[in-house]
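A.B. asks: Structure file structure_32.csv (CSV, N, CA and C atoms) is given on the next line.
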```csv
chain,number,residue,atom,x,y,z
Y,56,MET,N,50.5,66.3,80.1
Y,56,MET,CA,51.7,65.7,79.5
Y,56,MET,C,51.7,65.7,78.0
Y,57,ALA,N,52.6,66.3,77.4
Y,57,ALA,CA,52.7,66.4,75.9
Y,57,ALA,C,53.2,65.1,75.3
Y,58,GLN,N,52.6,64.8,74.2
Y,58,GLN,CA,52.9,63.5,73.5
Y,58,GLN,C,53.7,63.9,72.2
Y,59,THR,N,54.6,63.0,71.9
Y,59,THR,CA,55.4,63.1,70.7
Y,59,THR,C,54.8,62.2,69.6
Y,60,TYR,N,54.3,62.8,68.5
Y,60,TYR,CA,53.7,62.1,67.4
Y,60,TYR,C,54.8,61.9,66.3
Y,61,LEU,N,54.9,60.7,65.8
Y,61,LEU,CA,55.9,60.4,64.8
Y,61,LEU,C,55.3,59.7,63.6
Y,62,THR,N,55.8,60.0,62.4
Y,62,THR,CA,55.4,59.3,61.2
Y,62,THR,C,56.0,57.9,61.2
Y,63,THR,N,55.7,57.1,60.3
Y,63,THR,CA,56.3,55.8,60.2
Y,63,THR,C,57.8,55.9,60.0
Y,64,ASP,N,58.2,56.8,59.1
Y,64,ASP,CA,59.6,56.9,58.8
Y,64,ASP,C,60.4,57.4,60.0
Y,65,GLU,N,59.8,58.3,60.8
Y,65,GLU,CA,60.5,58.8,62.0
Y,65,GLU,C,60.6,57.7,63.1
Y,66,LEU,N,59.5,56.9,63.2
Y,66,LEU,CA,59.5,55.8,64.2
Y,66,LEU,C,60.6,54.8,63.7
Y,67,SER,N,60.7,54.6,62.4
Y,67,SER,CA,61.6,53.6,61.9
Y,67,SER,C,63.0,54.0,62.3
Y,68,SER,N,63.4,55.2,62.2
Y,68,SER,CA,64.7,55.6,62.5
Y,68,SER,C,65.0,55.5,64.0
Y,69,ARG,N,64.0,55.7,64.9
Y,69,ARG,CA,64.2,55.6,66.3
Y,69,ARG,C,64.3,54.1,66.8
Y,70,ILE,N,63.5,53.2,66.3
Y,70,ILE,CA,63.5,51.9,66.8
Y,70,ILE,C,64.3,50.9,65.9
Y,71,LYS,N,64.9,51.4,64.8
Y,71,LYS,CA,65.8,50.7,63.9
Y,71,LYS,C,65.0,49.5,63.3
Y,72,TYR,N,63.8,49.7,62.9
Y,72,TYR,CA,63.0,48.7,62.1
Y,72,TYR,C,62.7,49.4,60.8
Y,73,ASP,N,62.6,48.7,59.7
Y,73,ASP,CA,62.2,49.2,58.4
Y,73,ASP,C,60.8,49.7,58.5
Y,74,SER,N,60.5,50.8,57.7
Y,74,SER,CA,59.1,51.3,57.7
Y,74,SER,C,58.1,50.3,57.2
Y,75,ARG,N,58.5,49.5,56.3
Y,75,ARG,CA,57.6,48.5,55.8
Y,75,ARG,C,57.3,47.4,56.8
Y,76,THR,N,58.3,47.0,57.6
Y,76,THR,CA,58.1,46.1,58.7
Y,76,THR,C,57.1,46.6,59.7
Y,77,ILE,N,57.2,47.9,60.0
Y,77,ILE,CA,56.3,48.5,61.0
Y,77,ILE,C,54.9,48.5,60.5
Y,78,ARG,N,54.7,48.9,59.2
Y,78,ARG,CA,53.4,48.9,58.6
Y,78,ARG,C,52.8,47.5,58.4
Y,79,GLU,N,53.6,46.5,58.0
Y,79,GLU,CA,53.0,45.2,57.7
Y,79,GLU,C,53.1,44.2,58.8
Y,80,ARG,N,54.0,44.3,59.7
Y,80,ARG,CA,54.1,43.3,60.8
Y,80,ARG,C,53.8,43.7,62.2
Y,81,LEU,N,54.2,45.0,62.5
Y,81,LEU,CA,54.0,45.4,63.9
Y,81,LEU,C,52.7,46.1,64.1
Y,82,LYS,N,52.2,46.9,63.1
Y,82,LYS,CA,51.0,47.6,63.2
Y,82,LYS,C,49.8,46.6,63.3
Y,83,ASP,N,49.0,46.8,64.3
Y,83,ASP,CA,47.8,46.0,64.6
Y,83,ASP,C,48.1,44.6,65.2
Y,84,SER,N,49.3,44.3,65.4
Y,84,SER,CA,49.6,43.1,66.2
Y,84,SER,C,50.3,43.4,67.5
Y,85,VAL,N,51.4,44.3,67.4
Y,85,VAL,CA,52.1,44.7,68.5
Y,85,VAL,C,51.7,46.2,68.8
Y,86,LEU,N,51.7,47.0,67.8
Y,86,LEU,CA,51.3,48.4,68.0
Y,86,LEU,C,49.8,48.5,67.7
Y,87,LEU,N,49.1,48.9,68.7
Y,87,LEU,CA,47.6,49.0,68.6
Y,87,LEU,C,47.1,50.4,68.4
Y,88,GLU,N,46.0,50.5,67.5
Y,88,GLU,CA,45.4,51.7,67.3
Y,88,GLU,C,44.7,52.2,68.5
Y,89,GLY,N,44.9,53.5,68.9
Y,89,GLY,CA,44.3,54.0,70.1
Y,89,GLY,C,45.2,53.9,71.3
Y,90,VAL,N,46.2,53.1,71.2
Y,90,VAL,CA,47.2,52.9,72.3
Y,90,VAL,C,48.5,53.4,71.8
Y,91,HIS,N,49.0,52.9,70.7
Y,91,HIS,CA,50.3,53.2,70.2
Y,91,HIS,C,50.3,54.1,69.0
Y,92,TYR,N,49.2,54.2,68.3
Y,92,TYR,CA,49.1,55.1,67.2
Y,92,TYR,C,47.6,55.6,67.0
Y,93,ILE,N,47.5,56.7,66.3
Y,93,ILE,CA,46.2,57.3,66.0
Y,93,ILE,C,46.1,57.6,64.5
Y,94,ARG,N,44.9,57.8,64.0
Y,94,ARG,CA,44.6,58.3,62.7
Y,94,ARG,C,43.9,59.6,62.8
Y,95,PRO,N,44.7,60.7,62.8
Y,95,PRO,CA,44.1,62.0,63.0
Y,95,PRO,C,43.1,62.4,62.0
Y,96,PHE,N,42.0,63.0,62.4
Y,96,PHE,CA,40.9,63.5,61.6
Y,96,PHE,C,40.3,62.4,60.7
Y,97,GLY,N,40.4,61.1,61.2
Y,97,GLY,CA,39.8,60.0,60.5
Y,97,GLY,C,40.4,59.7,59.2
Y,98,GLY,N,41.6,60.2,58.9
Y,98,GLY,CA,42.2,59.9,57.6
Y,98,GLY,C,43.0,58.7,57.5
Y,99,ARG,N,43.8,58.6,56.5
Y,99,ARG,CA,44.6,57.4,56.3
Y,99,ARG,C,46.0,57.5,57.0
Y,100,LYS,N,46.4,58.7,57.2
Y,100,LYS,CA,47.8,59.0,57.8
Y,100,LYS,C,47.8,58.4,59.2
Y,101,ILE,N,48.9,57.8,59.6
Y,101,ILE,CA,49.1,57.2,60.9
Y,101,ILE,C,50.2,58.0,61.6
Y,102,LEU,N,49.9,58.4,62.9
Y,102,LEU,CA,50.9,59.0,63.7
Y,102,LEU,C,51.1,58.2,65.0
Y,103,PHE,N,52.3,57.8,65.2
Y,103,PHE,CA,52.7,56.9,66.3
Y,103,PHE,C,52.9,57.8,67.6
Y,104,ILE,N,52.5,57.3,68.7
Y,104,ILE,CA,52.7,58.0,70.0
Y,104,ILE,C,54.0,57.4,70.6
Y,105,TRP,N,55.1,58.2,70.6
Y,105,TRP,CA,56.4,57.7,71.0
Y,105,TRP,C,56.4,57.3,72.4
Y,106,GLU,N,55.9,58.1,73.3
Y,106,GLU,CA,55.9,57.7,74.8
Y,106,GLU,C,55.3,56.4,75.1
Y,107,LYS,N,54.2,56.0,74.4
Y,107,LYS,CA,53.6,54.7,74.7
Y,107,LYS,C,54.4,53.6,74.1
Y,108,ILE,N,55.0,53.8,73.0
Y,108,ILE,CA,55.8,52.8,72.4
Y,108,ILE,C,57.1,52.6,73.2
Y,109,GLU,N,57.7,53.6,73.6
Y,109,GLU,CA,58.9,53.6,74.4
Y,109,GLU,C,58.6,52.9,75.8
Y,110,GLU,N,57.5,53.2,76.4
Y,110,GLU,CA,57.1,52.6,77.6
Y,110,GLU,C,56.9,51.1,77.5
Y,111,ASP,N,56.3,50.6,76.4
Y,111,ASP,CA,56.0,49.2,76.2
Y,111,ASP,C,57.3,48.4,75.8
Y,112,MET,N,58.2,49.1,75.1
Y,112,MET,CA,59.4,48.4,74.7
Y,112,MET,C,60.3,48.1,75.8
Y,113,GLY,N,60.4,49.0,76.8
Y,113,GLY,CA,61.4,48.8,77.9
Y,113,GLY,C,60.9,48.2,79.1
Y,114,SER,N,59.6,48.0,79.3
Y,114,SER,CA,59.1,47.7,80.6
Y,114,SER,C,58.8,46.2,80.8
Y,115,GLY,N,58.6,45.4,79.7
Y,115,GLY,CA,58.2,44.0,79.9
Y,115,GLY,C,56.9,44.0,80.5
Y,116,ASN,N,56.1,44.9,80.2
Y,116,ASN,CA,54.7,45.1,80.7
Y,116,ASN,C,53.9,43.9,80.5
Y,117,PRO,N,53.2,43.3,81.5
Y,117,PRO,CA,52.4,42.1,81.3
Y,117,PRO,C,51.2,42.4,80.4
Y,118,GLN,N,50.8,43.7,80.3
Y,118,GLN,CA,49.7,44.1,79.4
Y,118,GLN,C,50.1,43.9,77.9
Y,119,ALA,N,51.4,43.9,77.6
Y,119,ALA,CA,51.8,43.7,76.3
Y,119,ALA,C,51.5,42.3,75.8
Y,120,PHE,N,51.3,41.3,76.7
Y,120,PHE,CA,50.9,40.0,76.3
Y,120,PHE,C,49.5,39.6,76.5
Y,121,ALA,N,48.7,40.7,76.8
Y,121,ALA,CA,47.2,40.5,77.0
Y,121,ALA,C,46.5,40.5,75.6
Y,122,ILE,N,45.4,39.8,75.6
Y,122,ILE,CA,44.6,39.7,74.4
Y,122,ILE,C,43.5,40.7,74.5
Y,123,PRO,N,43.4,41.7,73.6
Y,123,PRO,CA,42.3,42.7,73.8
Y,123,PRO,C,41.0,42.1,73.4
Y,124,MET,N,40.0,42.4,74.2
Y,124,MET,CA,38.6,41.9,74.0
Y,124,MET,C,37.7,43.0,73.4
Y,125,ALA,N,36.6,42.6,72.8
Y,125,ALA,CA,35.8,43.5,72.1
Y,125,ALA,C,35.2,44.6,73.1
Y,126,ASN,N,34.9,44.2,74.3
Y,126,ASN,CA,34.3,45.2,75.3
Y,126,ASN,C,35.3,46.1,75.9
Y,127,GLY,N,36.5,46.1,75.5
Y,127,GLY,CA,37.5,47.0,76.0
Y,127,GLY,C,38.4,46.4,77.1
Y,128,GLY,N,38.1,45.2,77.6
Y,128,GLY,CA,38.9,44.5,78.6
Y,128,GLY,C,40.0,43.8,77.9
Y,129,VAL,N,40.8,43.0,78.7
Y,129,VAL,CA,41.9,42.2,78.2
Y,129,VAL,C,41.8,40.8,78.8
Y,130,CYS,N,42.3,39.9,78.1
Y,130,CYS,CA,42.4,38.5,78.6
Y,130,CYS,C,43.9,38.2,78.8
Y,131,HIS,N,44.2,37.8,80.0
Y,131,HIS,CA,45.6,37.6,80.4
Y,131,HIS,C,46.0,36.1,80.3
Y,132,GLY,N,45.6,35.4,79.2
Y,132,GLY,CA,45.9,34.1,79.3
Y,132,GLY,C,45.9,33.3,78.1
```
Would you mind writing the file's structure down as C-alpha cells?
C.D. replies:
Amino acid sequence: MAQTYLTTDELSSRIKYDSRTIRERLKDSVLLEGVHYIRPFGGRKILFIWEKIEEDMGSGNPQAFAIPMANGGVCHG
C-alpha cells in the first residue's frame, strides 16, 4: 500500500488548520511520531502520513484516546 507524505503546509490545506497550529498544538499530542508522521533520514523535516491521519480523523477510533506507554503498549483509561 502506497502512502502519501505531506509537508506541514500541504497537511494544513487538507485539514483546514493553520500550519503553526499543527506544529505547536497537534504534533506530539494528537499526531504522533511513527504513527502520523516521520522524520526522514533522521533530519528536522517532518512528513505527515495522510492515510493514517485521515483514518484517525474519521473513525472515532478508541485508540485515539489511548495513552501510549514506554514499552510500546497503550493504556485505555
A.B. asks: What's the separation between atom CA of Y:Val129 and atom CA of Y:Thr59, in Å to one decimal place?
C.D. replies: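 Atom-to-atom, atom CA of Y:Val129 to atom CA of Y:Thr59, that is 26.0 Å.
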A.B. asks: I need the residue nearest Y:Ile104 from this list: Y:Ser67, Y:Leu86, Y:Ile122, Y:Leu61. Use all atoms listed in the file for the distance.
C.D. replies: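 The shortest atom-to-atom distance to Y:Ile104 comes from Y:Leu61.
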A.B. asks: If you measure from atom C of Y:Ala125 to atom N of Y:Glu79, what distance in Å do you get, rounded to one decimal?
C.D. replies: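 Atom-to-atom, atom C of Y:Ala125 to atom N of Y:Glu79, that is 23.9 Å.
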A.B. asks: Please measure the separation of atom C of Y:Glu106 and atom C of Y:Gln58, giving the value in Å to one decimal.
C.D. replies: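 Between atom C of Y:Glu106 and atom C of Y:Gln58 the gap works out to 8.2 Å.
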A.B. asks: Using only C-alpha atoms, can you tell me which of Y:Lys71, Y:Ala57, Y:Lys107, Y:Thr76 comes closest to Y:Gly89?
C.D. replies: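 Of Y:Lys71, Y:Ala57, Y:Lys107, Y:Thr76, the one nearest Y:Gly89 is Y:Lys107, counting only C-alpha atoms.
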A.B. asks: Going by DSSP on the backbone, which residues of stretch 60-115 of chain Y come out as alpha helix (DSSP H)? List them as a list in words.
C.D. replies: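 Across stretch 60-115 of chain Y, those assigned alpha helix (DSSP H) are Thr63, Asp64, Glu65, Leu66, Ser67, Ser68, Arg69, Ile70, Ser74, Arg75, Thr76, Trp105, Glu106, Lys107, Ile108, Glu109, Glu110, Asp111, Met112, Gly113 and Ser114 of chain Y.
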A.B. asks: Suppose we keep N, CA and C atoms; can you now write the selection as a PDB file, in the coordinates of the input?
C.D. replies:
```pdb
ATOM      1  N   THR Y  63      55.700  57.100  60.300  1.00  0.00           N
ATOM      2  CA  THR Y  63      56.300  55.800  60.200  1.00  0.00           C
ATOM      3  C   THR Y  63      57.800  55.900  60.000  1.00  0.00           C
ATOM      4  N   ASP Y  64      58.200  56.800  59.100  1.00  0.00           N
ATOM      5  CA  ASP Y  64      59.600  56.900  58.800  1.00  0.00           C
ATOM      6  C   ASP Y  64      60.400  57.400  60.000  1.00  0.00           C
ATOM      7  N   GLU Y  65      59.800  58.300  60.800  1.00  0.00           N
ATOM      8  CA  GLU Y  65      60.500  58.800  62.000  1.00  0.00           C
ATOM      9  C   GLU Y  65      60.600  57.700  63.100  1.00  0.00           C
ATOM     10  N   LEU Y  66      59.500  56.900  63.200  1.00  0.00           N
ATOM     11  CA  LEU Y  66      59.500  55.800  64.200  1.00  0.00           C
ATOM     12  C   LEU Y  66      60.600  54.800  63.700  1.00  0.00           C
ATOM     13  N   SER Y  67      60.700  54.600  62.400  1.00  0.00           N
ATOM     14  CA  SER Y  67      61.600  53.600  61.900  1.00  0.00           C
ATOM     15  C   SER Y  67      63.000  54.000  62.300  1.00  0.00           C
ATOM     16  N   SER Y  68      63.400  55.200  62.200  1.00  0.00           N
ATOM     17  CA  SER Y  68      64.700  55.600  62.500  1.00  0.00           C
ATOM     18  C   SER Y  68      65.000  55.500  64.000  1.00  0.00           C
ATOM     19  N   ARG Y  69      64.000  55.700  64.900  1.00  0.00           N
ATOM     20  CA  ARG Y  69      64.200  55.600  66.300  1.00  0.00           C
ATOM     21  C   ARG Y  69      64.300  54.100  66.800  1.00  0.00           C
ATOM     22  N   ILE Y  70      63.500  53.200  66.300  1.00  0.00           N
ATOM     23  CA  ILE Y  70      63.500  51.900  66.800  1.00  0.00           C
ATOM     24  C   ILE Y  70      64.300  50.900  65.900  1.00  0.00           C
ATOM     25  N   SER Y  74      60.500  50.800  57.700  1.00  0.00           N
ATOM     26  CA  SER Y  74      59.100  51.300  57.700  1.00  0.00           C
ATOM     27  C   SER Y  74      58.100  50.300  57.200  1.00  0.00           C
ATOM     28  N   ARG Y  75      58.500  49.500  56.300  1.00  0.00           N
ATOM     29  CA  ARG Y  75      57.600  48.500  55.800  1.00  0.00           C
ATOM     30  C   ARG Y  75      57.300  47.400  56.800  1.00  0.00           C
ATOM     31  N   THR Y  76      58.300  47.000  57.600  1.00  0.00           N
ATOM     32  CA  THR Y  76      58.100  46.100  58.700  1.00  0.00           C
ATOM     33  C   THR Y  76      57.100  46.600  59.700  1.00  0.00           C
ATOM     34  N   TRP Y 105      55.100  58.200  70.600  1.00  0.00           N
ATOM     35  CA  TRP Y 105      56.400  57.700  71.000  1.00  0.00           C
ATOM     36  C   TRP Y 105      56.400  57.300  72.400  1.00  0.00           C
ATOM     37  N   GLU Y 106      55.900  58.100  73.300  1.00  0.00           N
ATOM     38  CA  GLU Y 106      55.900  57.700  74.800  1.00  0.00           C
ATOM     39  C   GLU Y 106      55.300  56.400  75.100  1.00  0.00           C
ATOM     40  N   LYS Y 107      54.200  56.000  74.400  1.00  0.00           N
ATOM     41  CA  LYS Y 107      53.600  54.700  74.700  1.00  0.00           C
ATOM     42  C   LYS Y 107      54.400  53.600  74.100  1.00  0.00           C
ATOM     43  N   ILE Y 108      55.000  53.800  73.000  1.00  0.00           N
ATOM     44  CA  ILE Y 108      55.800  52.800  72.400  1.00  0.00           C
ATOM     45  C   ILE Y 108      57.100  52.600  73.200  1.00  0.00           C
ATOM     46  N   GLU Y 109      57.700  53.600  73.600  1.00  0.00           N
ATOM     47  CA  GLU Y 109      58.900  53.600  74.400  1.00  0.00           C
ATOM     48  C   GLU Y 109      58.600  52.900  75.800  1.00  0.00           C
ATOM     49  N   GLU Y 110      57.500  53.200  76.400  1.00  0.00           N
ATOM     50  CA  GLU Y 110      57.100  52.600  77.600  1.00  0.00           C
ATOM     51  C   GLU Y 110      56.900  51.100  77.500  1.00  0.00           C
ATOM     52  N   ASP Y 111      56.300  50.600  76.400  1.00  0.00           N
ATOM     53  CA  ASP Y 111      56.000  49.200  76.200  1.00  0.00           C
ATOM     54  C   ASP Y 111      57.300  48.400  75.800  1.00  0.00           C
ATOM     55  N   MET Y 112      58.200  49.100  75.100  1.00  0.00           N
ATOM     56  CA  MET Y 112      59.400  48.400  74.700  1.00  0.00           C
ATOM     57  C   MET Y 112      60.300  48.100  75.800  1.00  0.00           C
ATOM     58  N   GLY Y 113      60.400  49.000  76.800  1.00  0.00           N
ATOM     59  CA  GLY Y 113      61.400  48.800  77.900  1.00  0.00           C
ATOM     60  C   GLY Y 113      60.900  48.200  79.100  1.00  0.00           C
ATOM     61  N   SER Y 114      59.600  48.000  79.300  1.00  0.00           N
ATOM     62  CA  SER Y 114      59.100  47.700  80.600  1.00  0.00           C
ATOM     63  C   SER Y 114      58.800  46.200  80.800  1.00  0.00           C
TER      64      SER Y 114
END
```
A.B. asks: Where in chain Y does DSSP assign strand (DSSP E or B), given as number ranges by chain?
C.D. replies: Y: 60-61, 82, 86, 88, 92-93, 102-104, 122-123, 129-130
